[in-house]
Amino acid sequence: MENMKSARKYDTGGVGSDLSEQIKAATKDSHVRAENTQLMLSYQKGQISLVQYKVLLCSLYEIYKALEEELDRNSSHPAVAPIYFPQELARLESLESDLEHFLGSDWRRRVIIPAATHRYAQRLREIGRKNPALLVAHAYTRYLGDLSGGQVLGKITQKSLGLSSKEGLSFFSFPGVSSPNRFKQLYRSRMNGIDLTEEGRREMLEEAVSAFEFNIQVFDDLQKMLSVTTATANQSNVVFPTAAHQSPRVMQFAVGLCVALATVGLGMYAL
């Protein structure tokens, strides 16, 4: 993608040889930009509506579906195997539970995929087929971010939506992880032990930067869409998302309910 920054532009020479530390250094600028998108700033302030939360859940489901299916398919790959923790980290089942809670059993029929999210999912599928080692960069960014920010963001969401219980907030819970800090240390250790060539490490750093850039594009795409749908809802109570790319497997969503996909790394910024 044209606006994705190359990891070559980042100075990681003083960070040591640990892959996790090099990724953190390489993505520093993108990290700050992503934190300061309008969407993330609003979320961190607790300014999130139920419609927005439904959008986020659908988004996360689409991205984790692509990521986890590719991780499962490549679980024996030398680079993927060390960081493959489906029992501890998999988010798909919890997202399905949350979506059913808020949207009902037919939530899949109400989904539409905006272009930026579609591109992100396509990228995950592509590297899963062609270069599975690069899945490590996306898994690290997503899972460790969710572990880092999950508890705080879960409380923000519950308070913002006025929920009396934690039903619909399963995404933020990791019952298979007794100590997030210890688990993150284990994950980084496994990740740092992956055997990479110099070229492979360079590609990994560039992919990590790309992961943030994909998210930034989706944040902006989602914010524009929410602005349009809010204005439309104020006029007619009917929401029609714009600039969306619909996948062949997705059916038309029910009129009156805005449920659109966009990738939002809810906790990724606390890596």
# chains A, B, ... in the order shown; residues from 1 in each chain; ligands from 1

call {"tool": "residues_around", "arguments": {"residues": "Lys45 (chain A)", "least_positions_apart": "3", "cutoff": "10 Å", "atoms": "only C-alpha atoms", "output": "compact mmCIF listing (two decimals) with all heavy atoms, in the first residue's frame"}}
result
# COMPACT_ATOMS: atom_id res chain seq x y z
N MET A 40 -10.44 6.63 18.23
CA MET A 40 -9.83 6.08 19.44
C MET A 40 -9.86 7.08 20.58
O MET A 40 -10.05 6.71 21.74
CB MET A 40 -8.40 5.64 19.16
CG MET A 40 -8.30 4.31 18.41
SD MET A 40 -9.29 2.98 19.16
CE MET A 40 -8.51 2.84 20.77
N LEU A 41 -9.70 8.35 20.29
CA LEU A 41 -9.77 9.37 21.33
C LEU A 41 -11.17 9.38 21.96
O LEU A 41 -11.31 9.47 23.18
CB LEU A 41 -9.43 10.75 20.76
CG LEU A 41 -7.96 10.97 20.41
CD1 LEU A 41 -7.79 12.31 19.71
CD2 LEU A 41 -7.07 10.90 21.64
N SER A 42 -12.19 9.26 21.12
CA SER A 42 -13.57 9.24 21.63
C SER A 42 -13.80 8.01 22.49
O SER A 42 -14.43 8.08 23.55
CB SER A 42 -14.55 9.26 20.45
OG SER A 42 -14.45 10.47 19.73
N ILE A 48 -18.88 6.33 23.58
CA ILE A 48 -19.23 5.28 22.63
C ILE A 48 -20.69 4.91 22.81
O ILE A 48 -21.17 4.79 23.94
CB ILE A 48 -18.33 4.04 22.81
CG1 ILE A 48 -18.72 2.96 21.80
CG2 ILE A 48 -18.39 3.50 24.23
CD1 ILE A 48 -17.78 1.78 21.77
N ILE A 156 -14.65 0.63 30.56
CA ILE A 156 -15.10 1.83 29.85
C ILE A 156 -16.36 1.53 29.05
O ILE A 156 -17.34 2.30 29.08
CB ILE A 156 -13.99 2.34 28.90
CG1 ILE A 156 -12.83 2.93 29.70
CG2 ILE A 156 -14.55 3.40 27.94
CD1 ILE A 156 -11.66 3.37 28.84
N SER A 160 -19.96 3.18 29.65
CA SER A 160 -20.47 4.03 28.56
C SER A 160 -21.84 3.58 28.09
O SER A 160 -22.71 4.40 27.79
CB SER A 160 -19.49 4.00 27.38
OG SER A 160 -18.24 4.52 27.74

call {"tool": "residues_around", "arguments": {"residues": "Gly200 (chain A)", "least_positions_apart": "4", "cutoff": "10 Å", "atoms": "only C-alpha atoms", "output": "mmCIF file with N, CA and C atoms, in the first residue's frame"}}
result
data_model
loop_
_atom_site.group_PDB
_atom_site.id
_atom_site.type_symbol
_atom_site.label_atom_id
_atom_site.label_comp_id
_atom_site.auth_asym_id
_atom_site.auth_seq_id
_atom_site.Cartn_x
_atom_site.Cartn_y
_atom_site.Cartn_z
ATOM 1 N N ASN A 131 3.191 -16.293 2.979
ATOM 2 C CA ASN A 131 4.308 -16.086 3.908
ATOM 3 C C ASN A 131 3.787 -16.107 5.346
ATOM 4 N N ALA A 133 4.888 -16.670 8.198
ATOM 5 C CA ALA A 133 5.684 -16.082 9.282
ATOM 6 C C ALA A 133 5.202 -14.674 9.615
ATOM 7 N N LEU A 134 4.696 -13.962 8.619
ATOM 8 C CA LEU A 134 4.261 -12.587 8.841
ATOM 9 C C LEU A 134 2.990 -12.498 9.685
ATOM 10 N N ASP A 195 13.347 -18.255 14.697
ATOM 11 C CA ASP A 195 14.548 -18.161 13.862
ATOM 12 C C ASP A 195 14.215 -17.446 12.554
ATOM 13 N N LEU A 196 14.780 -16.258 12.377
ATOM 14 C CA LEU A 196 14.533 -15.461 11.186
ATOM 15 C C LEU A 196 15.836 -15.063 10.511
ATOM 16 N N MET A 204 9.293 -8.779 8.702
ATOM 17 C CA MET A 204 8.438 -8.820 9.892
ATOM 18 C C MET A 204 8.205 -7.411 10.439
ATOM 19 N N LEU A 205 9.251 -6.603 10.501
ATOM 20 C CA LEU A 205 9.115 -5.240 11.001
ATOM 21 C C LEU A 205 8.232 -4.408 10.074
ATOM 22 N N GLU A 206 8.393 -4.588 8.789
ATOM 23 C CA GLU A 206 7.570 -3.854 7.836
ATOM 24 C C GLU A 206 6.106 -4.270 7.952
#

call {"tool": "closest_residue", "arguments": {"among": "A:Val111, A:Leu144, A:Arg129, A:Gln87", "to": "Gln185 (chain A)", "atoms": "only C-alpha atoms"}}
result
A:Leu144

call {"tool": "closest_residue", "arguments": {"among": "A:Val209, A:Lys130, A:Met225, A:Val136", "to": "Ile113 (chain A)", "atoms": "only C-alpha atoms"}}
result
A:Met225

call {"tool": "select_by_dssp", "arguments": {"residues": "region 3-249 of chain A", "states": "helix (DSSP H, G or I)", "output": "PyMOL selection string"}}
result
chain A and resi 7-9+19-26+28-35+38-44+50-73+81-83+86-89+92-103+107-110+115-130+132-161+170-172+180-192+198-236

call {"tool": "atom_distance", "arguments": {"atom1": "CA of Glu96 (chain A)", "atom2": "CA of Lys54 (chain A)"}}
result
11.7 Å

call {"tool": "residues_around", "arguments": {"residues": "Ile194 (chain A)", "least_positions_apart": "2", "cutoff": "8 Å", "atoms": "only C-alpha atoms", "output": "PyMOL selection string"}}
result
chain A and resi 78-79+82+190-192+196

call {"tool": "write_last_selection", "arguments": {"atoms": "C-alpha atoms", "output": "short mmCIF file (atom, residue, chain, number, x, y, z; two decimals), in the first residue's frame"}}
result
data_model
loop_
_atom_site.label_atom_id
_atom_site.label_comp_id
_atom_site.auth_asym_id
_atom_site.auth_seq_id
_atom_site.Cartn_x
_atom_site.Cartn_y
_atom_site.Cartn_z
CA PRO A 78 8.16 -22.99 12.35
CA ALA A 79 7.41 -19.30 12.93
CA PRO A 82 5.89 -20.97 19.05
CA ARG A 190 8.53 -17.45 22.40
CA MET A 191 8.36 -14.77 19.74
CA ASN A 192 11.93 -13.63 20.29
CA LEU A 196 14.53 -15.46 11.19
#

call {"tool": "residues_around", "arguments": {"residues": "region 174-179 of chain A", "least_positions_apart": "2", "cutoff": "9 Å", "atoms": "only C-alpha atoms", "output": "MDAnalysis selection string"}}
result
chainID A and resid 87:91 147 150 170:172 181:184

call {"tool": "write_last_selection", "arguments": {"atoms": "N, CA and C atoms", "output": "mmCIF file, in the first residue's frame"}}
result
data_model
loop_
_atom_site.group_PDB
_atom_site.id
_atom_site.type_symbol
_atom_site.label_atom_id
_atom_site.label_comp_id
_atom_site.auth_asym_id
_atom_site.auth_seq_id
_atom_site.Cartn_x
_atom_site.Cartn_y
_atom_site.Cartn_z
ATOM 1 N N GLN A 87 -6.089 -21.940 22.956
ATOM 2 C CA GLN A 87 -6.869 -22.086 24.187
ATOM 3 C C GLN A 87 -6.835 -20.824 25.038
ATOM 4 N N GLU A 88 -5.710 -20.168 25.043
ATOM 5 C CA GLU A 88 -5.541 -18.973 25.877
ATOM 6 C C GLU A 88 -6.021 -17.691 25.188
ATOM 7 N N LEU A 89 -5.866 -17.602 23.866
ATOM 8 C CA LEU A 89 -6.041 -16.320 23.210
ATOM 9 C C LEU A 89 -7.198 -16.200 22.227
ATOM 10 N N ALA A 90 -7.685 -17.289 21.671
ATOM 11 C CA ALA A 90 -8.688 -17.208 20.602
ATOM 12 C C ALA A 90 -9.881 -16.338 21.004
ATOM 13 N N ARG A 91 -10.271 -15.449 20.121
ATOM 14 C CA ARG A 91 -11.332 -14.484 20.402
ATOM 15 C C ARG A 91 -12.634 -14.766 19.661
ATOM 16 N N LEU A 147 -4.764 -8.123 25.584
ATOM 17 C CA LEU A 147 -4.453 -8.507 26.967
ATOM 18 C C LEU A 147 -4.097 -7.291 27.805
ATOM 19 N N GLY A 150 -7.542 -4.877 27.704
ATOM 20 C CA GLY A 150 -8.862 -5.481 27.825
ATOM 21 C C GLY A 150 -9.639 -5.111 29.060
ATOM 22 N N SER A 170 -17.749 -10.324 26.503
ATOM 23 C CA SER A 170 -16.871 -11.499 26.568
ATOM 24 C C SER A 170 -15.535 -11.270 25.880
ATOM 25 N N PHE A 171 -15.531 -10.423 24.871
ATOM 26 C CA PHE A 171 -14.293 -10.171 24.133
ATOM 27 C C PHE A 171 -13.149 -9.720 25.040
ATOM 28 N N PHE A 172 -13.497 -8.974 26.079
ATOM 29 C CA PHE A 172 -12.472 -8.403 26.942
ATOM 30 C C PHE A 172 -11.956 -9.380 27.995
ATOM 31 N N ASN A 181 0.286 -10.393 32.644
ATOM 32 C CA ASN A 181 1.683 -9.951 32.580
ATOM 33 C C ASN A 181 2.635 -11.114 32.376
ATOM 34 N N ARG A 182 2.408 -12.198 33.113
ATOM 35 C CA ARG A 182 3.278 -13.365 32.948
ATOM 36 C C ARG A 182 3.100 -13.998 31.572
ATOM 37 N N PHE A 183 1.853 -14.019 31.119
ATOM 38 C CA PHE A 183 1.614 -14.610 29.806
ATOM 39 C C PHE A 183 2.270 -13.777 28.711
ATOM 40 N N LYS A 184 2.206 -12.461 28.821
ATOM 41 C CA LYS A 184 2.844 -11.610 27.814
ATOM 42 C C LYS A 184 4.355 -11.821 27.805
#

call {"tool": "atom_distance", "arguments": {"atom1": "CA of Asp18 (chain A)", "atom2": "CA of Gly193 (chain A)"}}
result
8.3 Å

call {"tool": "atom_distance", "arguments": {"atom1": "CA of Ser94 (chain A)", "atom2": "CA of Ala139 (chain A)"}}
result
16.9 Å

call {"tool": "closest_residue", "arguments": {"among": "A:Lys224, A:Lys28, A:His138, A:Lys155", "to": "Gln44 (chain A)", "atoms": "only C-alpha atoms"}}
result
A:Lys155

call {"tool": "residues_around", "arguments": {"residues": "Ser75 (chain A)", "least_positions_apart": "3", "cutoff": "12 Å", "atoms": "only C-alpha atoms", "output": "list in words"}}
result
Leu67, Glu68, Glu69, Glu70, Leu71, Asp72, Pro78, Ala79, Val80, Ala81, Pro82, Ile83, Tyr84, Phe85, Pro86, Gly128, Pro132, Ala133, Leu135 and Val136 of chain A

call {"tool": "write_last_selection", "arguments": {"atoms": "C-alpha atoms", "output": "PDB file, in the first residue's frame"}}
result
ATOM      1  CA  LEU A  67      -6.378 -14.125  11.577  1.00  0.00           C
ATOM      2  CA  GLU A  68      -7.365 -17.189  13.569  1.00  0.00           C
ATOM      3  CA  GLU A  69      -8.285 -19.293  10.562  1.00  0.00           C
ATOM      4  CA  GLU A  70      -4.877 -18.559   9.061  1.00  0.00           C
ATOM      5  CA  LEU A  71      -3.118 -19.258  12.363  1.00  0.00           C
ATOM      6  CA  ASP A  72      -4.991 -22.556  12.671  1.00  0.00           C
ATOM      7  CA  PRO A  78       8.159 -22.988  12.353  1.00  0.00           C
ATOM      8  CA  ALA A  79       7.412 -19.299  12.932  1.00  0.00           C
ATOM      9  CA  VAL A  80       3.771 -19.690  13.925  1.00  0.00           C
ATOM     10  CA  ALA A  81       4.003 -22.734  16.216  1.00  0.00           C
ATOM     11  CA  PRO A  82       5.886 -20.965  19.054  1.00  0.00           C
ATOM     12  CA  ILE A  83       3.199 -18.269  19.423  1.00  0.00           C
ATOM     13  CA  TYR A  84       0.151 -20.450  18.731  1.00  0.00           C
ATOM     14  CA  PHE A  85      -2.034 -20.340  21.867  1.00  0.00           C
ATOM     15  CA  PRO A  86      -5.631 -20.980  20.746  1.00  0.00           C
ATOM     16  CA  GLY A 128      -1.396 -16.897   5.445  1.00  0.00           C
ATOM     17  CA  PRO A 132       2.793 -17.407   7.185  1.00  0.00           C
ATOM     18  CA  ALA A 133       5.684 -16.082   9.282  1.00  0.00           C
ATOM     19  CA  LEU A 135       1.134 -13.628  10.754  1.00  0.00           C
ATOM     20  CA  VAL A 136       3.315 -13.300  13.859  1.00  0.00           C
TER      21      VAL A 136
END

call {"tool": "select_by_dssp", "arguments": {"residues": "region 31-271 of chain A", "states": "strand (DSSP E or B)", "output": "PyMOL selection string"}}
result
chain A and resi 112+114+244+260

call {"tool": "decode", "arguments": {"residues": "region 170-197 of chain A", "atoms": "N, CA and C atoms", "output": "CSV table (one decimal), in the first residue's frame"}}
result
chain,number,residue,atom,x,y,z
A,170,SER,N,-17.7,-10.3,26.5
A,170,SER,CA,-16.9,-11.5,26.6
A,170,SER,C,-15.5,-11.3,25.9
A,171,PHE,N,-15.5,-10.4,24.9
A,171,PHE,CA,-14.3,-10.2,24.1
A,171,PHE,C,-13.1,-9.7,25.0
A,172,PHE,N,-13.5,-9.0,26.1
A,172,PHE,CA,-12.5,-8.4,26.9
A,172,PHE,C,-12.0,-9.4,28.0
A,173,SER,N,-12.6,-10.6,28.1
A,173,SER,CA,-12.2,-11.5,29.1
A,173,SER,C,-11.3,-12.7,28.5
A,174,PHE,N,-10.3,-13.0,29.2
A,174,PHE,CA,-9.4,-14.1,28.8
A,174,PHE,C,-9.3,-15.1,30.0
A,175,PRO,N,-10.3,-16.0,30.1
A,175,PRO,CA,-10.4,-17.0,31.2
A,175,PRO,C,-9.2,-17.9,31.2
A,176,GLY,N,-8.6,-18.2,30.0
A,176,GLY,CA,-7.5,-19.1,30.0
A,176,GLY,C,-6.2,-18.5,30.4
A,177,VAL,N,-6.2,-17.2,30.7
A,177,VAL,CA,-4.9,-16.5,31.1
A,177,VAL,C,-5.1,-16.0,32.5
A,178,SER,N,-4.4,-16.7,33.4
A,178,SER,CA,-4.5,-16.3,34.9
A,178,SER,C,-3.7,-15.0,35.2
A,179,SER,N,-2.6,-14.8,34.5
A,179,SER,CA,-1.8,-13.6,34.7
A,179,SER,C,-1.4,-13.0,33.4
A,180,PRO,N,-2.1,-12.0,33.0
A,180,PRO,CA,-1.8,-11.3,31.7
A,180,PRO,C,-0.3,-10.9,31.6
A,181,ASN,N,0.3,-10.4,32.6
A,181,ASN,CA,1.7,-10.0,32.6
A,181,ASN,C,2.6,-11.1,32.4
A,182,ARG,N,2.4,-12.2,33.1
A,182,ARG,CA,3.3,-13.4,32.9
A,182,ARG,C,3.1,-14.0,31.6
A,183,PHE,N,1.9,-14.0,31.1
A,183,PHE,CA,1.6,-14.6,29.8
A,183,PHE,C,2.3,-13.8,28.7
A,184,LYS,N,2.2,-12.5,28.8
A,184,LYS,CA,2.8,-11.6,27.8
A,184,LYS,C,4.4,-11.8,27.8
A,185,GLN,N,4.9,-12.0,29.0
A,185,GLN,CA,6.4,-12.3,29.0
A,185,GLN,C,6.7,-13.6,28.3
A,186,LEU,N,5.8,-14.6,28.5
A,186,LEU,CA,6.0,-15.9,27.9
A,186,LEU,C,5.9,-15.8,26.3
A,187,TYR,N,4.9,-15.0,25.9
A,187,TYR,CA,4.6,-14.8,24.5
A,187,TYR,C,5.8,-14.1,23.8
A,188,ARG,N,6.3,-13.0,24.5
A,188,ARG,CA,7.4,-12.3,23.9
A,188,ARG,C,8.7,-13.2,23.8
A,189,SER,N,8.9,-14.1,24.9
A,189,SER,CA,10.0,-15.0,24.9
A,189,SER,C,9.9,-16.0,23.7
A,190,ARG,N,8.7,-16.5,23.5
A,190,ARG,CA,8.5,-17.5,22.4
A,190,ARG,C,8.8,-16.7,21.1
A,191,MET,N,8.2,-15.6,21.0
A,191,MET,CA,8.4,-14.8,19.7
A,191,MET,C,9.8,-14.4,19.4
A,192,ASN,N,10.5,-14.0,20.5
A,192,ASN,CA,11.9,-13.6,20.3
A,192,ASN,C,12.8,-14.8,19.9
A,193,GLY,N,12.3,-16.0,20.2
A,193,GLY,CA,13.1,-17.2,19.8
A,193,GLY,C,12.9,-17.7,18.4
A,194,ILE,N,12.0,-17.1,17.7
A,194,ILE,CA,11.7,-17.5,16.3
A,194,ILE,C,13.0,-17.3,15.5
A,195,ASP,N,13.3,-18.3,14.7
A,195,ASP,CA,14.5,-18.2,13.9
A,195,ASP,C,14.2,-17.4,12.6
A,196,LEU,N,14.8,-16.3,12.4
A,196,LEU,CA,14.5,-15.5,11.2
A,196,LEU,C,15.8,-15.1,10.5
A,197,THR,N,15.8,-15.0,9.2
A,197,THR,CA,17.0,-14.5,8.5
A,197,THR,C,16.9,-13.0,8.6
